[in-house]
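Asker: Have a look at this one before I ask anything.
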Amino acid sequence: MTGQITATQLSKTFRKNQAVRGVSFDIAPGEIYGLIGPDGAGKTTTIRMLAGVMDPTRGTARVNGLDTTRQAEQLRAHVGYMAQKFSLYGDLSVRENIEFYADIFGVRGKARAERIARLLKFARLDQFQDRDAGVLSGGMKKKLGLACAFIHRPRVLFLDEPTNGVDPISRREFWDILSDLHIEGVTIFISTAYLDEAERCSRVGLMYRGEIIREGTPIALRQLVQGDLLAIITPDLQIAENVAQKLPGIFEVQVYGDRLHVFVDAGATRAREIEIALVAAGATIKQIRPAAPHLQEAFISLISHL
Amino acid sequence: MSLHRLWAIIRKEFRHIQRDKRTLFLVTLSPAIMLIAFAYLFAFEVQSVRLGVWDADQSALSRQFIASLIADGKFSLAENGNGYESLRGAMMRGDIHLGVIIPPDFEAQILAGDGASVQLIADGSDTIAAAGGVTRFRQRTAEFARRLTSTSSAPPIIVQAQAWYNRDLDSTFAMVPGLVPIVMIMPSLAIALAITRERELGSFETLIATPIHAFEYLLGKLIPYIAYGVVSASIAYALAIIWFRVPLRGPVPDLLAMTVLYLFASLGVTLFICGFIASQGTAMRVVMLLFFIPSFFLSGVTLPVDTKSGPGQFISFLLPASHFVQITRGAFLKAMGIDQLAAQSLNLFLIGVIPFALGILTFRKRV
Amino acid sequence: MHKTILNLAWKETLQLLRDRLLLAFMVIIPVVQLGLIAEATGAGIRNIKLAVWDQDKSAFSRDLVTALKNSGDFNLMYYAQSYDEIRALVNDGKVGAAVIIPPDFSRELARTGASATLPVIIDGTNSIVASSLLGAVESAIADLTRQFVPANAIITPIDLKIEFAFNATLNIRWSTIVTQLGFITYQLVLVVAAVGFVRERELGTLEQLAVTPISRLELLLGKGLMALGIGMLNYTLLYLAIRYGFEIPMRGNLALLMALGVLFTIAEIGVGTLLSIVTHSQQQAILMVFMLAMLEVTFSGYLVPTENMPWFMQTIANFSPLQHFSAILRAVYIKGSSLEMLWHHVIPLAALTGITVGAGWYLFNRAEW
């Protein structure tokens with residue numbers, strides 16, 4: 001294994017609860033690797049083990065060629081880590097927070113001032129540098145967290161659900177910053193529960209109940225979806241859902257706002273059957289058409305077939 | 001070990017303290033305020049021990065005796081009993097502390113030159129008050145007896161007591177310096193909060209993913225609290241000297257140096273213990289249980305601690321306050337410097353350095 | 001409703017039990033503290049050493065030294081040879097007092113009608129110890145005078161016969177330990193009750209409880225019941241330790257001691273709940289407990305008898321449940337007082353209980369969740 005982040009059979013057991021069950025990675029330099037999965041899948045534990053802040057029960061991991069357990073201290077200078085529960089010092093200003101981490105990472109001299117200025121700008125925080133971190137909006141806090149984690153220009157960044165609870169606009173902005181880092185060649189390992197974010201990764205691992213159940217490019221994963229996806233737009237969602245669930249050849253029915261997404265074994269034939277059944281049940285159908293599955297559907301479909 | 005990183009932690013902690021008014025108050029003014037409350041309590045010696053009297057004689061002399069007892073207000077007549085049981089009952093109700101039984105032949109015996117026997121009952125359930133009351137009563141009786149007899153028959157042995165370091169046995173002089181170690185628990189409480197807050201809020205997890213060393217982290221936390229502790233101790237000392245007029249006879253730099261050692265010891269122990277505690281609530285409770293009652297009762301500030309018994313030795317070594325009580329009293333009243341208090345200073349250093357070293361060894365940069 | 005309350009109390013207890021470290025501190029530390037205080041301070045001033053510098057070296061001065069030694073009030077003696085030695089002993093805190101017998105002491109005493117002066121040096125740095133020591137030296141000398149100077153034919157006009165009621169040997173451990181029963185229960189209950197609501201509010205779990213059908217009364221009772229349980233468990237354990245471990249005789253009615261313990265615990269739960277409601281964070285709550293506890297222990301009448309306080313402090317002390325309970329404990333346990341004898345403490349305690357619980361309930365109803 002020659003990747004920048006490699007892991008072999010990484011496992012973690014808390015008392016009786018096996019949180020991570022033998023996951024392996026081989027991540028090349030410059031990749032954005034997305035770890036996606038529902039809450040409790042073991043994403044945080046996995047990232048903590050890779051970042052060297054938690055020892056695995058079994059298995060090993062290497063980052064930049066350094067063992068994350070035995071060489072954890074040497075590793076610190078080469079990785080940036082943003083914990084899920086990341087908390088800034090609310091009573092320190094934006095600038096003081098960044099300066100603190102700069103000092104801790106031993107960034108000094110001319111590089112310190114230059115880098116802080118650049119990061120503030122980069123994170124679009126330069127106008128707010130004297131504001132207390134405690135009064136920043138959720139999105140700004142996350143960007144500041146990222147700036148603090150990147151102050152020592154690590155080759156690898158571990159980000160644990162960095163956009164959790166952040167509004168969509170801030171999330172997009174955050175990802176734009178990540179893309180810039182990606183272009184600079186930084187390897188990014190990010191976990192997220194938002195599946196749309198995974199679409200922006202170069203590779204995605206689907207984590208479920210402590211295991212990586214699928215791994216591949218977002219496109220490849222999308223193609224794993226079995227059958228076809230039909231989108232039904234109807235005002236009578238409740239009736240439509242109940243009826244559709246009972247029809248033959250249906251894998252999965254999900255409600256999305258004003259529409260119903262239905263996975264079927266064969267789109268063309270089932271679409272007609274569904275329409276007839278719904279009309280018979282008294283539902284009005286505005287539209288029924290085949291749709292391209294997103295990772296979201298792919299993931300849900302994969303999990304429901306386990 | 002990097003001075004750069006150490007300084008980063010120190011500066012951050014200073015900022016935290018300065019910007020949180022509550023913490024700032026805790027580590028600067030609160031000890032002085034508590035000292036005032038305590039000191040006033042000990043400063044007032046308005047002694048009025050409640051007295052119950054069963055005067056079976058009802059003579060001129062017995063009334064004179066009673067009047068002489070309560071003349072200056074230090075004893076007050078709370079109960080006129082008519083029997084042993086009535087005095088005992090008053091004592092059980094807590095109405096009186098002392099009961100005096102004057103026998104029926106009191107006047108007759110004294111006038112006959114045979115001497116009368118007076119019985120004094122003291123409430124043994126409150127030993128400190130009982131002992132104090134009996135001593136005072138004994139003195140008062142002796143004075144009365146002297147006045148009865150001619151001057152020539154003064155008691156054969158006159159105990160001429162000289163109280164050193166505190167001529168008038170002024171309790172303010174004794175208690176104000178002695179209480180400083182107790183009120184200086186506040187910085188320990190503050191550091192316990194600081195260290196567990198960082199864990200509770202999650203920034204600790206980010207910090208352990210940095211190259212920070214346990215030594216830098218712990219020392220960086222310690223130094224600002226020692227600095228503020230010295231400030232608050234100085235305020236307390238100034239209060240003692242200016243407000244309570246307690247003389248500071250020892251050298252000031254020595255006292256401050258030993259104050260630093262005390263802070264190092266009490267904060268070092270707290271830092272070590274808090275390394276195993278995840279929440280602020282638990283940390284505060286633990287600090288309170290560990291330091292509060294023991295410092296009051298086992299440091300020697302009030303009750304004498306038996307340093308010959310096993311537990312006494314154990315405590316007098318482990319409890320920072322027990323050494324510091326000797327230091328503050330020594331420096332204030334006995335004009336002692338660090339050279340004369342070297343043993344106490346060394347003990348404080350050891351109490352601080354051992355848990356501090358253990359804290360570094362057990363510090364795990366893992367979640 | 002009863003079931004809800006019990007469920008809540010059970011949930012609270014489980015939460016407390018989960019924190020093993022805290023549990024250990026709550027159950028083990030109090031008993032250890034009690035033992036340490038009993039062992040280390042139980043001897044009172046008896047372990048304080050005394051130095052004697054006998055310059056007279058007569059038969060009488062030797063008798064005097066023996067009398068001091070046998071008085072039982074001072075355990076060890078230093079035989080000093082010079083004033084400088086005494087100065088050093090007192091300065092280093094090795095002795096609490098020094099008796100200097102002057103060279104011509106016995107000759108002086110032998111002169112009829114004259115008085116001999118006996119200088120006694122006392123370390124005044126701890127005034128409590130100094131006063132007790134002085135009293136003990138004086139009484140030892142007084143006893144000696146009666147024994148050894150009958151030839152002087154001076155009859156002391158008034159002979160005091162002293163009886164220490166309820167505690168014949170004036171064993172300091174009795175009052176110290178029995179008082180600790182109140183102190184330790186006090187700090188425990190207060191700390192448990194004071195973080196109760198504020199912790200849940202800080203963690204946001206109070207908001208969750210707000211949307212369940214649990215009423216405020218049930219919540220308050222549930223939390224209170226848990227604190228009462230913990231407090232009484234501690235109280236009982238400590239009582240057993242004092243009664244059978246330290247073998248201090250209990251003269252009063254056990255049911256009364258327990259009932260008043262419950263009353264006191266409820267009063268402190270009320271105080272704790274009040275603090276928990278008016279504060280915004282656990283940190284604030286504990287800080288207030290800390291300050292309050294320091295003050296209440298001071299006012300409790302243990303270190304300085306309440307009667308000795310200036311009137312305004314006595315007034316404040318009357319508002320302290322701990323002060324009343326300390327007096328009750330000593331009265332019931334050591335003196336065997338009955339309820340009728342203690343109304344002047346029980347009624348204020350009950351009133352304070354009513355006030356704190358009532359105020360807690362009132363504020364809790366008006367407080368935001």
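Residue numbers start at 1 in each chain; chains themselves are named A, B, ... in the order of the structure tokens; ligands are numbered from 1 in the order shown.
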Which of segment 24-135 of chain A counts as strand (DSSP E or B) under DSSP, as a ChimeraX atom specification please?
Answerer: /A:24-27,32-36,58-63,66-67,79-82,93,132
Asker: Write out as number ranges by chain each polymer residue whose atoms come within 10 Å of segment 67-71 of chain A, counting only C-alpha atoms; drop sequence neighbours fewer than 5 positions from it.
Answerer: A: 6-7, 48-56, 60-62, 76
Asker: Using N, CA and C atoms, can you export the residues from the last selection as a compact mmCIF listing (two decimals), in the first residue's frame?
Answerer:
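For reference, again_22.txt as written:
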```
# COMPACT_ATOMS: atom_id res chain seq x y z
N THR A 6 -3.71 4.92 4.55
CA THR A 6 -4.01 3.50 4.37
C THR A 6 -4.46 2.95 5.70
N ALA A 7 -5.41 2.02 5.62
CA ALA A 7 -5.87 1.38 6.86
C ALA A 7 -6.13 -0.07 6.54
N ARG A 48 -11.47 9.46 13.96
CA ARG A 48 -10.63 9.65 15.15
C ARG A 48 -9.43 8.71 15.12
N MET A 49 -9.66 7.47 14.69
CA MET A 49 -8.56 6.52 14.64
C MET A 49 -7.54 6.93 13.58
N LEU A 50 -8.05 7.40 12.42
CA LEU A 50 -7.13 7.81 11.36
C LEU A 50 -6.34 9.06 11.75
N ALA A 51 -6.98 9.96 12.50
CA ALA A 51 -6.31 11.20 12.88
C ALA A 51 -5.40 11.01 14.09
N GLY A 52 -5.39 9.81 14.64
CA GLY A 52 -4.47 9.53 15.75
C GLY A 52 -4.92 10.08 17.08
N VAL A 53 -6.22 10.29 17.26
CA VAL A 53 -6.68 10.73 18.56
C VAL A 53 -7.42 9.61 19.29
N MET A 54 -7.52 8.45 18.65
CA MET A 54 -8.13 7.30 19.32
C MET A 54 -7.40 6.06 18.83
N ASP A 55 -7.08 5.16 19.77
CA ASP A 55 -6.36 3.96 19.37
C ASP A 55 -7.35 2.89 18.92
N PRO A 56 -7.05 2.22 17.79
CA PRO A 56 -7.95 1.15 17.36
C PRO A 56 -7.83 -0.08 18.26
N THR A 60 -4.46 -1.59 11.80
CA THR A 60 -3.51 -0.49 11.82
C THR A 60 -3.89 0.52 10.75
N ALA A 61 -3.37 1.72 10.91
CA ALA A 61 -3.58 2.74 9.89
C ALA A 61 -2.30 3.54 9.76
N ARG A 62 -2.02 3.98 8.55
CA ARG A 62 -0.85 4.82 8.32
C ARG A 62 -1.30 6.05 7.56
N ARG A 76 1.24 14.54 13.99
CA ARG A 76 0.47 15.77 14.24
C ARG A 76 0.83 16.92 13.31
```
Asker: Residues of chain B within 8 Å of chain A, counting only C-alpha atoms, what are they? List them as a list of chain:residue names.
Answerer: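 Those within range of chain A come out as B:His4, B:Arg5, B:Ala8, B:Ile9, B:Lys12, B:Arg15, B:His16, B:Arg19, B:Asp20, B:Leu201, B:Gly202, B:Ser203, B:Glu205, B:Thr206, B:Ile208, B:Ala209, B:Thr210, B:Pro211, B:Ile212, B:Lys365, B:Arg366, B:Val367.
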Asker: Do a neighbour search on Ala163 of chain B at 8 Å with only C-alpha atoms, toss out local chain neighbours closer than 5 positions, and write the hits as an NGL selection string.
Answerer: (:B and (168-169)) or (:C and (121-124 or 130))
Asker: Any chance you can output those residues with all heavy atoms as a CSV table (one decimal), in the first residue's frame?
Answerer:
```csv
chain,number,residue,atom,x,y,z
B,168,ASP,N,-2.1,40.0,73.2
B,168,ASP,CA,-3.4,40.0,73.8
B,168,ASP,C,-4.3,38.8,73.4
B,168,ASP,O,-5.5,38.8,73.7
B,168,ASP,CB,-4.2,41.3,73.4
B,168,ASP,CG,-3.3,42.5,73.8
B,168,ASP,OD1,-2.7,42.5,74.8
B,168,ASP,OD2,-3.3,43.4,72.9
B,169,LEU,N,-3.7,37.8,72.9
B,169,LEU,CA,-4.4,36.6,72.3
B,169,LEU,C,-5.6,37.1,71.5
B,169,LEU,O,-6.7,36.6,71.6
B,169,LEU,CB,-4.9,35.7,73.5
B,169,LEU,CG,-3.9,34.8,74.0
B,169,LEU,CD1,-4.5,33.8,75.0
B,169,LEU,CD2,-3.2,33.9,72.9
C,121,ILE,N,4.8,30.9,78.9
C,121,ILE,CA,4.8,31.5,77.6
C,121,ILE,C,3.8,30.7,76.7
C,121,ILE,O,3.9,29.4,76.7
C,121,ILE,CB,6.2,31.5,77.0
C,121,ILE,CG1,7.0,32.5,77.7
C,121,ILE,CG2,6.2,31.7,75.5
C,121,ILE,CD1,8.5,32.3,77.7
C,122,ILE,N,3.0,31.3,76.0
C,122,ILE,CA,2.0,30.7,75.2
C,122,ILE,C,2.2,31.1,73.7
C,122,ILE,O,2.4,32.3,73.5
C,122,ILE,CB,0.5,31.0,75.6
C,122,ILE,CG1,0.3,30.8,77.1
C,122,ILE,CG2,-0.5,30.4,74.7
C,122,ILE,CD1,-0.4,29.5,77.4
C,123,ASP,N,2.1,30.2,72.8
C,123,ASP,CA,2.2,30.5,71.4
C,123,ASP,C,0.8,31.1,71.0
C,123,ASP,O,-0.2,30.4,71.0
C,123,ASP,CB,2.5,29.3,70.6
C,123,ASP,CG,2.6,29.6,69.1
C,123,ASP,OD1,2.2,30.7,68.7
C,123,ASP,OD2,3.0,28.7,68.3
C,124,GLY,N,0.7,32.4,70.7
C,124,GLY,CA,-0.5,33.0,70.4
C,124,GLY,C,-1.0,32.9,69.0
C,124,GLY,O,-2.0,33.5,68.6
C,130,ALA,N,-4.5,28.5,72.1
C,130,ALA,CA,-3.8,29.2,73.2
C,130,ALA,C,-4.7,29.4,74.4
C,130,ALA,O,-4.2,29.2,75.5
C,130,ALA,CB,-3.3,30.6,72.6
```
Asker: With 6 Å as the limit and counting only C-alpha atoms, what residues in chain C lie close to chain B? Please list them as JSON, numbers by chain.
Answerer: {"C": [36, 40, 41, 47, 113, 115, 116, 117, 118, 119, 120, 121, 122, 123, 124, 125, 126, 127, 135, 157, 158, 159, 160, 161, 162, 163, 164, 165, 166, 167, 170, 172, 175, 308, 334, 335, 337, 341, 342]}
Asker: Any chance you could export the current selection's C-alpha atoms as a compact mmCIF listing (two decimals), in the first residue's frame?
Answerer:
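Dumped to out_18.txt:
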```
# COMPACT_ATOMS: atom_id res chain seq x y z
CA LEU C 36 -9.79 11.52 59.65
CA ALA C 40 -6.63 13.72 63.84
CA THR C 41 -8.42 16.23 66.02
CA ASN C 47 -1.33 16.29 71.92
CA GLY C 113 1.88 35.06 102.64
CA SER C 115 3.10 34.72 96.10
CA ALA C 116 5.54 33.25 93.66
CA THR C 117 5.23 34.22 90.05
CA LEU C 118 5.29 31.46 87.49
CA PRO C 119 5.89 32.75 83.94
CA VAL C 120 4.09 30.79 81.23
CA ILE C 121 4.76 31.46 77.58
CA ILE C 122 1.96 30.66 75.15
CA ASP C 123 2.15 30.51 71.38
CA GLY C 124 -0.54 33.01 70.44
CA THR C 125 -0.69 32.16 66.75
CA ASN C 126 -3.74 29.95 67.17
CA SER C 127 -5.91 31.78 69.67
CA GLY C 135 -6.85 27.30 80.92
CA PRO C 157 -12.87 30.74 99.96
CA ILE C 158 -14.69 29.24 97.01
CA ASP C 159 -13.92 25.76 95.91
CA LEU C 160 -15.19 25.02 92.41
CA LYS C 161 -16.40 21.53 91.67
CA ILE C 162 -16.70 21.18 87.94
CA GLU C 163 -18.88 18.66 86.23
CA PHE C 164 -19.02 18.30 82.50
CA ALA C 165 -22.53 17.20 81.85
CA PHE C 166 -23.30 14.74 79.04
CA ASN C 167 -19.58 14.33 78.28
CA LEU C 170 -14.92 16.55 77.87
CA ILE C 172 -13.70 16.80 72.03
CA SER C 175 -19.01 17.27 69.63
CA ASN C 308 -20.43 34.76 71.09
CA ILE C 334 -25.24 13.91 73.08
CA LYS C 335 -27.69 15.35 75.57
CA SER C 337 -33.00 16.20 74.53
CA MET C 341 -37.03 20.89 74.65
CA LEU C 342 -36.03 21.85 71.13
```
Asker: Mind pulling up the distance from atom CA of Phe183 of chain C to atom CA of Ala293 of chain C?
Answerer: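 So the two atoms, atom CA of Ala293 of chain C and atom CA of Phe183 of chain C, lie 9.1 Å apart.
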Asker: Near Ala268 of chain A, counting only C-alpha atoms, which residues have an atom at most 12 Å away, once you skip same-chain residues fewer than 4 positions from it, shown as a compact mmCIF listing (two decimals) with all heavy atoms, in the first residue's frame?
Answerer:
```
# COMPACT_ATOMS: atom_id res chain seq x y z
N GLY A 227 -32.64 -1.56 -10.40
CA GLY A 227 -33.90 -1.17 -11.02
C GLY A 227 -33.92 0.29 -11.45
O GLY A 227 -32.88 0.92 -11.61
N ASP A 228 -35.12 0.81 -11.61
CA ASP A 228 -35.27 2.18 -12.09
C ASP A 228 -35.97 3.02 -11.04
O ASP A 228 -36.68 2.51 -10.18
CB ASP A 228 -36.10 2.19 -13.39
CG ASP A 228 -35.41 1.38 -14.47
OD1 ASP A 228 -34.18 1.56 -14.64
OD2 ASP A 228 -36.09 0.54 -15.10
N LEU A 229 -35.78 4.32 -11.19
CA LEU A 229 -36.41 5.24 -10.26
C LEU A 229 -37.51 6.00 -10.99
O LEU A 229 -37.30 6.52 -12.08
CB LEU A 229 -35.36 6.23 -9.72
CG LEU A 229 -35.88 7.27 -8.74
CD1 LEU A 229 -36.35 6.62 -7.45
CD2 LEU A 229 -34.80 8.31 -8.45
N LEU A 230 -38.67 6.02 -10.37
CA LEU A 230 -39.78 6.79 -10.94
C LEU A 230 -40.13 7.93 -10.01
O LEU A 230 -40.17 7.74 -8.80
CB LEU A 230 -41.01 5.90 -11.11
CG LEU A 230 -40.90 4.73 -12.09
CD1 LEU A 230 -42.15 3.86 -11.99
CD2 LEU A 230 -40.71 5.24 -13.51
N GLY A 249 -43.33 -5.68 -7.50
CA GLY A 249 -42.18 -5.14 -8.24
C GLY A 249 -41.66 -3.85 -7.69
O GLY A 249 -40.83 -3.18 -8.31
N PHE A 263 -38.71 3.08 -6.34
CA PHE A 263 -37.78 2.17 -7.03
C PHE A 263 -38.56 0.97 -7.51
O PHE A 263 -39.28 0.36 -6.72
CB PHE A 263 -36.71 1.67 -6.06
CG PHE A 263 -35.67 2.69 -5.76
CD1 PHE A 263 -35.66 3.35 -4.55
CD2 PHE A 263 -34.69 2.98 -6.71
CE1 PHE A 263 -34.70 4.27 -4.26
CE2 PHE A 263 -33.71 3.91 -6.43
CZ PHE A 263 -33.71 4.56 -5.21
N VAL A 264 -38.35 0.64 -8.78
CA VAL A 264 -39.08 -0.51 -9.33
C VAL A 264 -38.12 -1.39 -10.09
O VAL A 264 -37.02 -0.95 -10.44
CB VAL A 264 -40.23 -0.05 -10.27
CG1 VAL A 264 -41.31 0.66 -9.47
CG2 VAL A 264 -39.68 0.86 -11.36
N ARG A 272 -46.86 2.15 -15.63
CA ARG A 272 -48.24 2.02 -16.08
C ARG A 272 -49.11 1.42 -14.96
O ARG A 272 -50.17 1.95 -14.63
CB ARG A 272 -48.24 1.11 -17.34
CG ARG A 272 -49.56 1.00 -18.04
CD ARG A 272 -49.86 2.23 -18.92
NE ARG A 272 -51.29 2.30 -19.18
CZ ARG A 272 -52.08 3.32 -18.92
NH1 ARG A 272 -51.57 4.40 -18.39
NH2 ARG A 272 -53.37 3.30 -19.21
N GLU A 273 -48.59 0.35 -14.33
CA GLU A 273 -49.34 -0.33 -13.26
C GLU A 273 -49.62 0.63 -12.09
O GLU A 273 -50.72 0.65 -11.54
CB GLU A 273 -48.54 -1.52 -12.71
CG GLU A 273 -48.46 -2.68 -13.70
CD GLU A 273 -47.49 -3.76 -13.20
OE1 GLU A 273 -47.24 -3.81 -11.95
OE2 GLU A 273 -46.99 -4.51 -14.02
N ILE A 274 -48.58 1.40 -11.77
CA ILE A 274 -48.74 2.32 -10.63
C ILE A 274 -49.81 3.35 -10.94
O ILE A 274 -50.68 3.64 -10.12
CB ILE A 274 -47.39 3.02 -10.31
CG1 ILE A 274 -46.38 1.98 -9.77
CG2 ILE A 274 -47.57 4.13 -9.28
CD1 ILE A 274 -44.97 2.51 -9.65
N GLU A 275 -49.72 3.89 -12.12
CA GLU A 275 -50.67 4.94 -12.51
C GLU A 275 -52.11 4.42 -12.38
O GLU A 275 -52.96 5.09 -11.79
CB GLU A 275 -50.37 5.37 -13.94
CG GLU A 275 -51.01 6.71 -14.27
CD GLU A 275 -50.59 7.25 -15.63
OE1 GLU A 275 -49.68 6.66 -16.26
OE2 GLU A 275 -51.19 8.24 -16.06
N ILE A 288 -45.82 11.45 -13.96
CA ILE A 288 -45.06 10.27 -13.57
C ILE A 288 -44.00 10.05 -14.64
O ILE A 288 -44.29 9.94 -15.83
CB ILE A 288 -45.99 9.05 -13.37
CG1 ILE A 288 -45.16 7.81 -13.02
CG2 ILE A 288 -46.89 8.77 -14.54
CD1 ILE A 288 -46.00 6.71 -12.35
N ARG A 289 -42.70 10.07 -14.16
CA ARG A 289 -41.62 10.01 -15.15
C ARG A 289 -40.40 9.33 -14.53
O ARG A 289 -40.23 9.32 -13.31
CB ARG A 289 -41.24 11.40 -15.63
CG ARG A 289 -40.80 12.30 -14.49
CD ARG A 289 -40.27 13.62 -14.98
NE ARG A 289 -40.08 14.53 -13.86
CZ ARG A 289 -39.00 14.51 -13.05
NH1 ARG A 289 -38.03 13.64 -13.25
NH2 ARG A 289 -38.91 15.36 -12.05
N PRO A 290 -39.56 8.74 -15.41
CA PRO A 290 -38.32 8.15 -14.89
C PRO A 290 -37.37 9.26 -14.41
O PRO A 290 -37.36 10.34 -14.99
CB PRO A 290 -37.72 7.41 -16.08
CG PRO A 290 -38.52 7.75 -17.27
CD PRO A 290 -39.68 8.60 -16.88
N ALA A 291 -36.61 8.98 -13.33
CA ALA A 291 -35.67 9.97 -12.81
C ALA A 291 -34.30 9.33 -12.62
O ALA A 291 -34.19 8.11 -12.48
CB ALA A 291 -36.17 10.51 -11.47
```
Asker: Would you list the contacts of Leu292 of chain C as an MDAnalysis selection string, taking every protein, DNA or RNA residue within 12 Å and counting only C-alpha atoms, but skipping same-chain residues closer than 6 positions in sequence?
Answerer: (chainID B and resid 34 37 292) or (chainID C and resid 186:187 190:191 194 268 271:272 275 285:286 298:300 320:322)
Asker: Take the residues from that selection and put them in a file with N, CA and C atoms, as a compact mmCIF listing (two decimals), in the first residue's frame.
Answerer:
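Written out: again_36.txt:
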```txt
# COMPACT_ATOMS: atom_id res chain seq x y z
N MET B 34 -14.50 36.59 51.23
CA MET B 34 -14.77 35.54 52.21
C MET B 34 -13.95 35.75 53.47
N ALA B 37 -15.73 38.08 55.76
CA ALA B 37 -16.84 37.44 56.47
C ALA B 37 -16.33 36.59 57.63
N PHE B 292 -12.75 21.37 50.92
CA PHE B 292 -13.52 22.28 51.75
C PHE B 292 -13.51 21.92 53.23
N TYR C 186 -25.03 17.98 54.92
CA TYR C 186 -25.37 19.29 54.37
C TYR C 186 -24.71 19.53 53.01
N GLN C 187 -23.39 19.37 52.95
CA GLN C 187 -22.70 19.70 51.70
C GLN C 187 -23.13 18.76 50.57
N LEU C 190 -26.80 19.61 49.41
CA LEU C 190 -26.83 20.91 48.74
C LEU C 190 -26.24 20.79 47.33
N VAL C 191 -25.14 20.09 47.24
CA VAL C 191 -24.48 19.96 45.94
C VAL C 191 -25.35 19.15 44.98
N ALA C 194 -28.44 21.35 44.10
CA ALA C 194 -28.18 22.62 43.41
C ALA C 194 -27.90 22.45 41.93
N GLU C 268 -32.57 21.76 53.05
CA GLU C 268 -31.40 21.98 52.19
C GLU C 268 -31.71 21.67 50.73
N VAL C 271 -33.14 24.82 49.54
CA VAL C 271 -32.11 25.81 49.26
C VAL C 271 -31.41 25.48 47.94
N GLY C 272 -31.05 24.20 47.78
CA GLY C 272 -30.36 23.77 46.57
C GLY C 272 -31.21 24.01 45.33
N LEU C 275 -31.25 27.63 44.41
CA LEU C 275 -30.00 28.00 43.73
C LEU C 275 -30.01 27.49 42.30
N ALA C 285 -24.01 27.65 39.91
CA ALA C 285 -24.71 27.00 41.02
C ALA C 285 -23.71 26.50 42.05
N ILE C 286 -22.67 25.84 41.58
CA ILE C 286 -21.70 25.28 42.52
C ILE C 286 -20.95 26.39 43.24
N THR C 298 -19.40 28.62 58.97
CA THR C 298 -18.89 29.62 59.90
C THR C 298 -19.95 30.02 60.91
N PHE C 299 -21.18 30.17 60.41
CA PHE C 299 -22.26 30.62 61.28
C PHE C 299 -22.88 29.50 62.10
N SER C 300 -22.44 28.28 61.85
CA SER C 300 -23.14 27.14 62.44
C SER C 300 -22.99 27.08 63.95
N SER C 320 -29.97 30.29 59.14
CA SER C 320 -29.23 29.17 58.59
C SER C 320 -29.78 27.86 59.12
N PRO C 321 -30.33 27.03 58.23
CA PRO C 321 -30.83 25.73 58.69
C PRO C 321 -29.72 24.92 59.36
N LEU C 322 -28.51 25.09 58.86
CA LEU C 322 -27.40 24.30 59.41
C LEU C 322 -27.15 24.67 60.88
```
Asker: Identify, on the basis of only C-alpha atoms, every residue whose closest approach to segment 251-257 of chain B does not exceed 7 Å; exclude the query and any residue fewer than 5 positions from it along the same chain; express the result as number ranges by chain.
Answerer: B: 331, 337-338
Asker: List every residue of segment 30-147 of chain A that DSSP, applied to the backbone, labels as alpha helix (DSSP H), and write the result as a ChimeraX atom specification.
Answerer: /A:43-50,72-75,94-104,109-122,138-147
Asker: Name the residues in contact with Lys223 of chain C at a cut-off of 8 Å, using only C-alpha atoms, excluding same-chain residues fewer than 6 positions from it; report them as an MDAnalysis selection string.
Answerer: chainID C and resid 8:9 12 193 196
Asker: With all heavy atoms retained, export the selected residues as a compact mmCIF listing (two decimals), in the first residue's frame.
Answerer:
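Saved to result-v8.txt:
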```txt
# COMPACT_ATOMS: atom_id res chain seq x y z
N LEU C 8 -39.28 9.15 37.85
CA LEU C 8 -38.32 10.25 37.73
C LEU C 8 -37.20 10.12 38.74
O LEU C 8 -36.03 10.26 38.41
CB LEU C 8 -39.04 11.59 37.98
CG LEU C 8 -39.59 12.27 36.75
CD1 LEU C 8 -40.44 13.45 37.17
CD2 LEU C 8 -38.45 12.74 35.86
N ALA C 9 -37.58 9.82 39.98
CA ALA C 9 -36.59 9.68 41.03
C ALA C 9 -35.62 8.56 40.66
O ALA C 9 -34.41 8.66 40.86
CB ALA C 9 -37.26 9.38 42.36
N GLU C 12 -33.24 9.71 37.98
CA GLU C 12 -32.22 10.58 38.58
C GLU C 12 -31.16 9.75 39.29
O GLU C 12 -29.98 10.01 39.19
CB GLU C 12 -32.87 11.52 39.60
CG GLU C 12 -33.84 12.49 39.02
CD GLU C 12 -33.14 13.65 38.34
OE1 GLU C 12 -32.02 13.96 38.76
OE2 GLU C 12 -33.70 14.20 37.38
N ALA C 193 -28.64 18.77 45.08
CA ALA C 193 -29.86 19.48 44.72
C ALA C 193 -29.56 20.71 43.85
O ALA C 193 -30.33 21.03 42.96
CB ALA C 193 -30.61 19.91 45.98
N GLY C 196 -29.22 20.05 40.15
CA GLY C 196 -30.35 19.31 39.56
C GLY C 196 -30.92 19.91 38.30
O GLY C 196 -30.79 19.36 37.21
```
